[in-house]
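Single-structure report; data block below.
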Amino acid sequence: MAKGLRAVNIGLDDFLSPFRKGGVPCADIDWKPPAQGDSELIDILFNLAVGFRNADGDSLIDIANHTGLRRILAAQPVVRRVRPARELIPDFAENVILHAGPPVKWENMCGPMRGAIVGAVLYEGLAPSEAEAERLLHSGSIACQSNYTLNVVAPMAGAVSRSMPLFLVENETAGNIAYSPLNEGVGHALRFGENHPPVLARLKWLEEVLAPALDRALVGLGGVALKPIMSQALLMGDEMHQRNVAASLAFYRSVATELVDAAESADDLKSIVSFLARENEQFFLNLAMAAAKTAMDTARIIPHSTLITAMNRNGVDFGMHLSATGDRWFTAPSLYPKGLYFPGYTETDANPDMGDSAIVECYGIGGMALGAVPSVTHLVGAGNLMESLEYTVDMNHICIGRDPDLAIPNCDFAGAPTGIDVCRVVATGILPLIISGVAHHKPGVGQVGTGLVTPPMEVMNKALRAFYQTVAG
């Protein structure tokens, strides 16, 4: 070997074997071709990078994306009311049940979503039995719509009916609103496809006891600002998808004094306090989802913007919205979460991922901020703290900015990565990281685990192609 020889490798490790055997200092560069080597997508990314500029030579895409980012960061979500869905949403028809994710027909729904939809029909009193509920749903007498058609977000199966109480969350900055149901708590729940009598009884308690008291408390307070709670919760170890301990307690503290007078009786107050302060660590999740939606909706329909404004799943398909293409759904088969399963269950029991909750990842929390939450790394199969920090570092490569109001202590208090850019996702091959629960593929069984999942790359490629066709004419 020549004196002073050094070797740098871009490619397979095997190329360096002869040099290493000869004692030559070697360095590997972790490089992959952009867009997974797809020549069509590489051409699209190149054309988007060099073209579409204004008279001053500035990128129209960069301008549009930063316009969207400024709107997202400026959002100030406030929860105002808790009222029945039929009251808040006049367009909510009597024979309609909402579901999470992109639109899906009854006959194509997964098991847990069917179970949840049937449960909502029974809860609403639209059918006397499961068999009759399924018959009405199959015939179309009871219709199913995506939550997004009525500006609602809900976790997992996401079944919402007209009598269910919804949070009304308003973005004070832009004046737009979003809705979410009250979180049912841990254990047996409609959102995981269960519709047993205890599940329906808890829904009735939410409707008849908790919701009216919370509404009176919120009215008395003039609403509760959610962004400060979210900021504080990140500092205390929540990422607000899997872990909501600090956020739920902070919200309870915000309304506790008003709840004393808002409850109808001492027994009601005791059950409310027990539910909010002890039994339901996930209560804030649904509020975080609605808050995130009010922020992300401000970045919708910006010409030339490649920001991802919504991600959700229906247990069959993953769905995504892109800013420039508005309400158009891009879909691909939903993936299975990888993580930890409850005793007695394995991956063979799992249903593909579902829920509207990935809206929090669009906003920059949840899986995007996994580095903030060392306490849940083992629960979602992330390995260890260093691995969770690396995940968050990776997310910065696909986002156009950070939210300084959502600081991550373990990342030197840098803001949470915000503004997922589909161009960066396709170019780098790095997919947004989503934290998710895992439902059994059969209706009525419920949650069997928790883990991490990503969108399918196929949906990102579809969205980028469609965007290019839109701007290129």
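Numbering starts fresh at 1 for the residues of each chain in the structure tokens, the chains themselves are lettered A, B, ... in the order given, and ligands are numbered from 1 as they appear.
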
Segment 280-296 of chain A surroundings by only C-alpha atoms, 7 Å radius, close-in-sequence under 4 positions cut, as a short mmCIF file (atom, residue, chain, number, x, y, z; two decimals) with C-alpha atoms, in the first residue's frame:
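The new file part-v8.cif reads:
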```
data_model
loop_
_atom_site.label_atom_id
_atom_site.label_comp_id
_atom_site.auth_asym_id
_atom_site.auth_seq_id
_atom_site.Cartn_x
_atom_site.Cartn_y
_atom_site.Cartn_z
CA ILE A 72 -48.64 27.02 12.98
CA ALA A 75 -51.64 29.32 16.95
CA PRO A 77 -55.54 26.94 21.09
CA VAL A 153 -60.40 14.35 15.60
CA ALA A 154 -60.57 11.24 17.79
CA VAL A 169 -61.13 24.16 20.88
CA GLU A 170 -60.59 27.58 19.29
CA ASN A 171 -57.36 28.96 17.90
CA ASN A 176 -60.68 28.52 13.55
CA ILE A 177 -62.03 25.65 15.65
CA ALA A 178 -61.75 21.88 16.01
CA TYR A 179 -63.59 19.29 18.07
CA SER A 180 -62.64 16.13 19.94
CA PRO A 181 -64.55 13.73 22.21
CA LEU A 182 -63.67 13.29 25.87
CA ASN A 183 -61.06 10.61 26.51
CA GLY A 185 -59.74 6.52 30.16
CA VAL A 186 -57.64 3.37 30.33
CA MET A 240 -48.60 14.06 24.68
CA HIS A 241 -49.35 11.01 22.61
CA ARG A 243 -47.63 9.92 27.96
CA ASN A 244 -50.04 12.62 29.19
CA VAL A 245 -49.52 12.39 32.94
CA ALA A 247 -50.59 17.51 30.91
CA SER A 248 -53.69 15.80 32.30
CA PHE A 275 -61.54 10.23 37.07
CA LEU A 276 -59.51 13.33 36.18
CA THR A 309 -51.10 19.26 7.43
CA SER A 357 -54.03 11.05 16.80
CA ILE A 359 -52.18 15.04 14.07
CA VAL A 360 -50.02 15.64 17.17
CA TYR A 363 -47.65 19.56 15.17
#
```

Handout entry: Distance query Asp353 of chain A at most 10 Å, only C-alpha atoms, self and fewer than 5 positions along chain excluded, as a ChimeraX atom specification
Key = /A:156-157,312-318,333-337,434,436-439,451-455

With N, CA and C atoms retained, could you export that selection as an mmCIF file, in the first residue's frame?
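Final file, result14.cif:
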```
data_model
loop_
_atom_site.group_PDB
_atom_site.id
_atom_site.type_symbol
_atom_site.label_atom_id
_atom_site.label_comp_id
_atom_site.auth_asym_id
_atom_site.auth_seq_id
_atom_site.Cartn_x
_atom_site.Cartn_y
_atom_site.Cartn_z
ATOM 1 N N MET A 156 -57.650 6.337 17.919
ATOM 2 C CA MET A 156 -57.880 4.936 17.550
ATOM 3 C C MET A 156 -59.062 4.807 16.592
ATOM 4 N N ALA A 157 -60.081 3.994 16.906
ATOM 5 C CA ALA A 157 -61.210 3.824 15.981
ATOM 6 C C ALA A 157 -61.944 5.137 15.758
ATOM 7 N N ASN A 312 -53.539 10.562 9.378
ATOM 8 C CA ASN A 312 -54.425 9.731 10.191
ATOM 9 C C ASN A 312 -54.567 8.351 9.554
ATOM 10 N N ARG A 313 -55.251 7.447 10.294
ATOM 11 C CA ARG A 313 -55.330 6.056 9.854
ATOM 12 C C ARG A 313 -56.686 5.489 10.235
ATOM 13 N N ASN A 314 -57.221 4.604 9.417
ATOM 14 C CA ASN A 314 -58.513 3.994 9.732
ATOM 15 C C ASN A 314 -58.402 2.487 10.002
ATOM 16 N N GLY A 315 -57.201 1.999 10.202
ATOM 17 C CA GLY A 315 -57.011 0.575 10.441
ATOM 18 C C GLY A 315 -56.876 -0.239 9.177
ATOM 19 N N VAL A 316 -57.093 0.411 8.039
ATOM 20 C CA VAL A 316 -56.893 -0.204 6.724
ATOM 21 C C VAL A 316 -55.909 0.644 5.924
ATOM 22 N N ASP A 317 -56.204 1.938 5.831
ATOM 23 C CA ASP A 317 -55.376 2.873 5.075
ATOM 24 C C ASP A 317 -54.806 3.970 5.961
ATOM 25 N N PHE A 318 -53.612 4.408 5.607
ATOM 26 C CA PHE A 318 -53.026 5.625 6.162
ATOM 27 C C PHE A 318 -53.434 6.771 5.252
ATOM 28 N N PRO A 333 -51.748 1.526 2.244
ATOM 29 C CA PRO A 333 -52.054 0.610 3.348
ATOM 30 C C PRO A 333 -51.357 0.987 4.653
ATOM 31 N N SER A 334 -52.135 1.013 5.739
ATOM 32 C CA SER A 334 -51.604 1.327 7.057
ATOM 33 C C SER A 334 -50.667 0.227 7.536
ATOM 34 N N LEU A 335 -49.627 0.610 8.269
ATOM 35 C CA LEU A 335 -48.624 -0.338 8.750
ATOM 36 C C LEU A 335 -48.942 -0.822 10.168
ATOM 37 N N TYR A 336 -48.237 -1.853 10.596
ATOM 38 C CA TYR A 336 -48.397 -2.382 11.948
ATOM 39 C C TYR A 336 -47.397 -1.704 12.882
ATOM 40 N N PRO A 337 -47.839 -1.225 14.042
ATOM 41 C CA PRO A 337 -46.876 -0.677 15.011
ATOM 42 C C PRO A 337 -45.908 -1.756 15.486
ATOM 43 N N ILE A 434 -44.423 8.013 14.671
ATOM 44 C CA ILE A 434 -45.720 8.128 15.327
ATOM 45 C C ILE A 434 -45.788 7.131 16.482
ATOM 46 N N SER A 436 -48.207 5.010 18.971
ATOM 47 C CA SER A 436 -49.576 4.532 18.813
ATOM 48 C C SER A 436 -49.884 3.387 19.754
ATOM 49 N N GLY A 437 -51.168 3.265 20.111
ATOM 50 C CA GLY A 437 -51.646 2.071 20.768
ATOM 51 C C GLY A 437 -51.883 0.993 19.723
ATOM 52 N N VAL A 438 -52.000 -0.241 20.171
ATOM 53 C CA VAL A 438 -52.241 -1.360 19.262
ATOM 54 C C VAL A 438 -53.542 -2.041 19.663
ATOM 55 N N ALA A 439 -54.472 -2.118 18.727
ATOM 56 C CA ALA A 439 -55.743 -2.791 18.969
ATOM 57 C C ALA A 439 -55.700 -4.207 18.399
ATOM 58 N N GLY A 451 -46.771 0.972 20.715
ATOM 59 C CA GLY A 451 -45.521 0.941 19.965
ATOM 60 C C GLY A 451 -45.305 2.147 19.084
ATOM 61 N N LEU A 452 -44.384 2.001 18.155
ATOM 62 C CA LEU A 452 -44.019 3.051 17.204
ATOM 63 C C LEU A 452 -44.368 2.594 15.805
ATOM 64 N N VAL A 453 -44.760 3.547 14.978
ATOM 65 C CA VAL A 453 -45.112 3.235 13.600
ATOM 66 C C VAL A 453 -44.766 4.447 12.739
ATOM 67 N N THR A 454 -44.658 4.245 11.457
ATOM 68 C CA THR A 454 -44.425 5.348 10.518
ATOM 69 C C THR A 454 -45.490 5.304 9.431
ATOM 70 N N PRO A 455 -45.652 6.379 8.689
ATOM 71 C CA PRO A 455 -46.463 6.296 7.481
ATOM 72 C C PRO A 455 -45.789 5.372 6.478
#
```

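With distances restricted to only C-alpha atoms, A:Val426 is the closest residue to Lys32 of chain A from A:Val426, A:Ala217, A:Ala277, A:Met320.
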
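Remark: for Asp297 of chain A, the closest of the candidate residues A:Thr67, A:Ser323, A:Thr392, A:Gln469 is A:Ser323 (distances computed over only C-alpha atoms).
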
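Nearest residue to Leu340 of chain A, choosing from A:Asn410, A:Ser274, A:Ser17, A:Thr450 and counting only C-alpha atoms: A:Thr450.
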
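Excluding Val118 of chain A itself and any same-chain residue fewer than 2 positions from it, the protein and nucleic acid residues within 10 Å of it, counting only C-alpha atoms, are Ile97, Pro112, Met113, Arg114, Gly115, Ala116, Ala120, Val121, Leu122, Tyr123, Glu124, Leu126, Ala127, Ser129, Glu130, Ala131, Glu132, Ala133, Glu134, Leu136, Leu137, Ala159, Leu190, Gly193, Glu194, Asn195 and Pro443 of chain A.
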
Give me a file of those residues, with C-alpha atoms, as a compact mmCIF listing (two decimals), in the first residue's frame.
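So the final result, stored in again17.txt, reads:
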```txt
# COMPACT_ATOMS: atom_id res chain seq x y z
CA ILE A 97 -71.52 7.82 12.84
CA PRO A 112 -61.97 -2.92 15.90
CA MET A 113 -63.45 -0.03 13.93
CA ARG A 114 -66.55 -2.09 13.21
CA GLY A 115 -66.83 -2.88 16.90
CA ALA A 116 -66.55 0.79 17.81
CA ALA A 120 -71.74 4.09 18.90
CA VAL A 121 -74.96 2.95 17.22
CA LEU A 122 -76.05 1.16 20.41
CA TYR A 123 -75.04 4.13 22.57
CA GLU A 124 -77.10 6.42 20.36
CA LEU A 126 -80.30 3.68 16.80
CA ALA A 127 -80.52 -0.11 17.10
CA SER A 129 -78.81 -5.10 19.24
CA GLU A 130 -75.42 -5.60 17.63
CA ALA A 131 -76.97 -7.70 14.87
CA GLU A 132 -79.49 -5.00 14.01
CA ALA A 133 -76.79 -2.31 14.15
CA GLU A 134 -74.67 -4.28 11.68
CA LEU A 136 -78.43 -1.04 9.34
CA LEU A 137 -74.78 -0.22 8.70
CA ALA A 159 -66.20 6.53 16.63
CA LEU A 190 -64.89 2.14 22.60
CA GLY A 193 -63.31 -1.56 19.35
CA GLU A 194 -65.08 -2.65 22.54
CA ASN A 195 -68.82 -2.11 22.97
CA PRO A 443 -63.76 -6.46 17.49
```

Practice task
Could you tell me how far atom CA of Gly429 of chain A lies from atom CA of Val393 of chain A, in Å and to one decimal?
Solution key: 14.4 Å

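The gap separating atom CA of Met354 of chain A from atom CA of Arg86 of chain A is 24.8 Å, in Å to one decimal.
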
Exercise for the section: Enumerate as a PyMOL selection string all residues of segment 160-402 of chain A assigned to helix (DSSP H, G or I) by DSSP on the backbone, naming them with the chain letters and numbers the document uses. Expected result: chain A and resi 190-192+197-221+227-235+245-262+266-279+284-299+323-325+347-349+359-363+366-372+374-376+385-396

Fill in the blank from the handout: For Phe46 of chain A, the closest of A:Asn65, A:Pro34, A:Ile117, A:Met230 counting only C-alpha atoms is A:Pro34

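Proximity of A:Leu45, A:Ala211, A:Leu406, A:Val199 to Ile61 of chain A, computed with only C-alpha atoms, is greatest for A:Leu45.
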
Exercise for the section: Tell me which protein, DNA and RNA residues are within 7 Å of segment 413-421 of chain A, counting only C-alpha atoms, leaving out same-chain ones fewer than 4 positions away, and put them as a list in words. Expected result: Leu69, Thr306, Leu307, Ile308, Cys362, Tyr363, Gly364, Ile365, Met368, Ala369, Met395, Asn396, Ile398, Cys399, Ile400, Gly401, Arg402, Asp403, Pro404, Asp405, Leu406, Ala407, Ile408, Pro409 and Val425 of chain A

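Counting only C-alpha atoms and comparing A:Ala466, A:Ala372, A:Leu98, A:Ala262, the residue that lies closest to Arg191 of chain A is A:Leu98.
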
Practice task
May I have all residues of segment 8-190 of chain A that DSSP, computed from the backbone, assigns to strand (DSSP E), given as a PyMOL selection string?
Solution key: chain A and resi 8-10+26-29+77-84+96-99+143-146+165-171+177-181

Dump N, CA and C atoms for the selected residues as an mmCIF file, in the first residue's frame?
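Result file selection-v4.cif:
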```
data_model
loop_
_atom_site.group_PDB
_atom_site.id
_atom_site.type_symbol
_atom_site.label_atom_id
_atom_site.label_comp_id
_atom_site.auth_asym_id
_atom_site.auth_seq_id
_atom_site.Cartn_x
_atom_site.Cartn_y
_atom_site.Cartn_z
ATOM 1 N N VAL A 8 -11.857 6.494 1.806
ATOM 2 C CA VAL A 8 -13.209 6.943 2.179
ATOM 3 C C VAL A 8 -14.200 6.130 1.370
ATOM 4 N N ASN A 9 -15.177 5.568 2.031
ATOM 5 C CA ASN A 9 -16.146 4.696 1.368
ATOM 6 C C ASN A 9 -17.533 5.303 1.382
ATOM 7 N N ILE A 10 -18.125 5.381 0.207
ATOM 8 C CA ILE A 10 -19.535 5.760 0.084
ATOM 9 C C ILE A 10 -20.216 4.577 -0.575
ATOM 10 N N CYS A 26 -9.506 4.040 7.371
ATOM 11 C CA CYS A 26 -10.718 4.075 6.539
ATOM 12 C C CYS A 26 -11.822 4.877 7.223
ATOM 13 N N ALA A 27 -12.655 5.457 6.409
ATOM 14 C CA ALA A 27 -13.820 6.178 6.921
ATOM 15 C C ALA A 27 -15.039 5.825 6.078
ATOM 16 N N ASP A 28 -16.141 5.525 6.758
ATOM 17 C CA ASP A 28 -17.404 5.242 6.067
ATOM 18 C C ASP A 28 -18.280 6.482 6.070
ATOM 19 N N ILE A 29 -18.912 6.751 4.976
ATOM 20 C CA ILE A 29 -19.914 7.820 4.900
ATOM 21 C C ILE A 29 -21.276 7.159 4.708
ATOM 22 N N PRO A 77 -54.302 27.692 20.879
ATOM 23 C CA PRO A 77 -55.544 26.943 21.093
ATOM 24 C C PRO A 77 -56.079 27.100 22.512
ATOM 25 N N VAL A 78 -57.387 27.315 22.608
ATOM 26 C CA VAL A 78 -58.071 27.470 23.891
ATOM 27 C C VAL A 78 -59.306 26.579 23.877
ATOM 28 N N VAL A 79 -59.485 25.750 24.916
ATOM 29 C CA VAL A 79 -60.698 24.938 24.997
ATOM 30 C C VAL A 79 -61.784 25.788 25.639
ATOM 31 N N ARG A 80 -62.912 25.914 24.920
ATOM 32 C CA ARG A 80 -63.973 26.827 25.331
ATOM 33 C C ARG A 80 -65.167 26.127 25.972
ATOM 34 N N ARG A 81 -65.623 25.045 25.349
ATOM 35 C CA ARG A 81 -66.869 24.407 25.771
ATOM 36 C C ARG A 81 -66.749 22.893 25.710
ATOM 37 N N VAL A 82 -67.706 22.231 26.372
ATOM 38 C CA VAL A 82 -67.915 20.794 26.226
ATOM 39 C C VAL A 82 -69.420 20.614 26.043
ATOM 40 N N ARG A 83 -69.844 20.383 24.827
ATOM 41 C CA ARG A 83 -71.264 20.305 24.515
ATOM 42 C C ARG A 83 -71.526 19.082 23.634
ATOM 43 N N PRO A 84 -72.804 18.631 23.578
ATOM 44 C CA PRO A 84 -73.121 17.499 22.697
ATOM 45 C C PRO A 84 -72.779 17.825 21.249
ATOM 46 N N VAL A 96 -75.778 9.312 11.077
ATOM 47 C CA VAL A 96 -74.348 9.272 10.741
ATOM 48 C C VAL A 96 -73.520 8.963 11.984
ATOM 49 N N ILE A 97 -72.553 8.079 11.825
ATOM 50 C CA ILE A 97 -71.524 7.824 12.839
ATOM 51 C C ILE A 97 -70.177 8.183 12.210
ATOM 52 N N LEU A 98 -69.387 8.940 12.937
ATOM 53 C CA LEU A 98 -68.071 9.333 12.436
ATOM 54 C C LEU A 98 -67.016 8.303 12.831
ATOM 55 N N HIS A 99 -65.938 8.276 12.075
ATOM 56 C CA HIS A 99 -64.828 7.367 12.362
ATOM 57 C C HIS A 99 -63.505 8.056 12.093
ATOM 58 N N ALA A 143 -75.110 5.710 8.073
ATOM 59 C CA ALA A 143 -73.929 6.005 7.249
ATOM 60 C C ALA A 143 -72.709 6.277 8.122
ATOM 61 N N CYS A 144 -71.541 6.078 7.544
ATOM 62 C CA CYS A 144 -70.274 6.349 8.223
ATOM 63 C C CYS A 144 -69.505 7.418 7.455
ATOM 64 N N GLN A 145 -68.956 8.371 8.183
ATOM 65 C CA GLN A 145 -68.154 9.444 7.587
ATOM 66 C C GLN A 145 -66.851 9.616 8.355
ATOM 67 N N SER A 146 -65.852 10.106 7.671
ATOM 68 C CA SER A 146 -64.596 10.445 8.325
ATOM 69 C C SER A 146 -64.812 11.614 9.279
ATOM 70 N N PRO A 165 -70.452 14.102 23.979
ATOM 71 C CA PRO A 165 -69.937 15.457 24.224
ATOM 72 C C PRO A 165 -68.592 15.653 23.535
ATOM 73 N N LEU A 166 -68.412 16.849 22.997
ATOM 74 C CA LEU A 166 -67.159 17.195 22.323
ATOM 75 C C LEU A 166 -66.549 18.429 22.961
ATOM 76 N N PHE A 167 -65.224 18.441 23.038
ATOM 77 C CA PHE A 167 -64.512 19.674 23.349
ATOM 78 C C PHE A 167 -64.586 20.592 22.135
ATOM 79 N N LEU A 168 -64.829 21.861 22.368
ATOM 80 C CA LEU A 168 -64.678 22.876 21.319
ATOM 81 C C LEU A 168 -63.384 23.624 21.616
ATOM 82 N N VAL A 169 -62.417 23.493 20.729
ATOM 83 C CA VAL A 169 -61.129 24.160 20.884
ATOM 84 C C VAL A 169 -61.000 25.227 19.799
ATOM 85 N N GLU A 170 -60.716 26.439 20.222
ATOM 86 C CA GLU A 170 -60.585 27.575 19.294
ATOM 87 C C GLU A 170 -59.146 28.062 19.262
ATOM 88 N N ASN A 171 -58.654 28.309 18.074
ATOM 89 C CA ASN A 171 -57.362 28.964 17.900
ATOM 90 C C ASN A 171 -57.609 30.466 17.963
ATOM 91 N N ILE A 177 -61.701 26.562 14.560
ATOM 92 C CA ILE A 177 -62.031 25.655 15.650
ATOM 93 C C ILE A 177 -61.863 24.195 15.221
ATOM 94 N N ALA A 178 -61.766 23.327 16.222
ATOM 95 C CA ALA A 178 -61.747 21.883 16.014
ATOM 96 C C ALA A 178 -62.423 21.244 17.211
ATOM 97 N N TYR A 179 -62.872 20.001 17.018
ATOM 98 C CA TYR A 179 -63.590 19.293 18.069
ATOM 99 C C TYR A 179 -62.910 17.950 18.354
ATOM 100 N N SER A 180 -63.073 17.484 19.589
ATOM 101 C CA SER A 180 -62.641 16.132 19.939
ATOM 102 C C SER A 180 -63.523 15.609 21.066
ATOM 103 N N PRO A 181 -63.776 14.294 21.106
ATOM 104 C CA PRO A 181 -64.551 13.728 22.212
ATOM 105 C C PRO A 181 -63.726 13.685 23.487
#
```

Handout entry: Nearby residues (only C-alpha atoms) at most 7 Å from His304 of chain A, same-chain spacing under 3 positions excluded, as a ChimeraX atom specification
Key = /A:60-61,64,324,471

Those residues with C-alpha atoms, as a CSV table (one decimal), in the first residue's frame please?
```csv
chain,number,residue,atom,x,y,z
A,60,LEU,CA,-41.8,29.8,-4.0
A,61,ILE,CA,-41.9,26.5,-2.1
A,64,ALA,CA,-45.0,29.1,1.1
A,324,ALA,CA,-51.1,22.9,-1.4
A,471,VAL,CA,-47.6,23.2,-9.7
```

Practice task
May I ask for the distance between atom CA of Asp238 of chain A and atom CA of His321 of chain A, given in Å to one decimal place?
Solution key: 26.4 Å
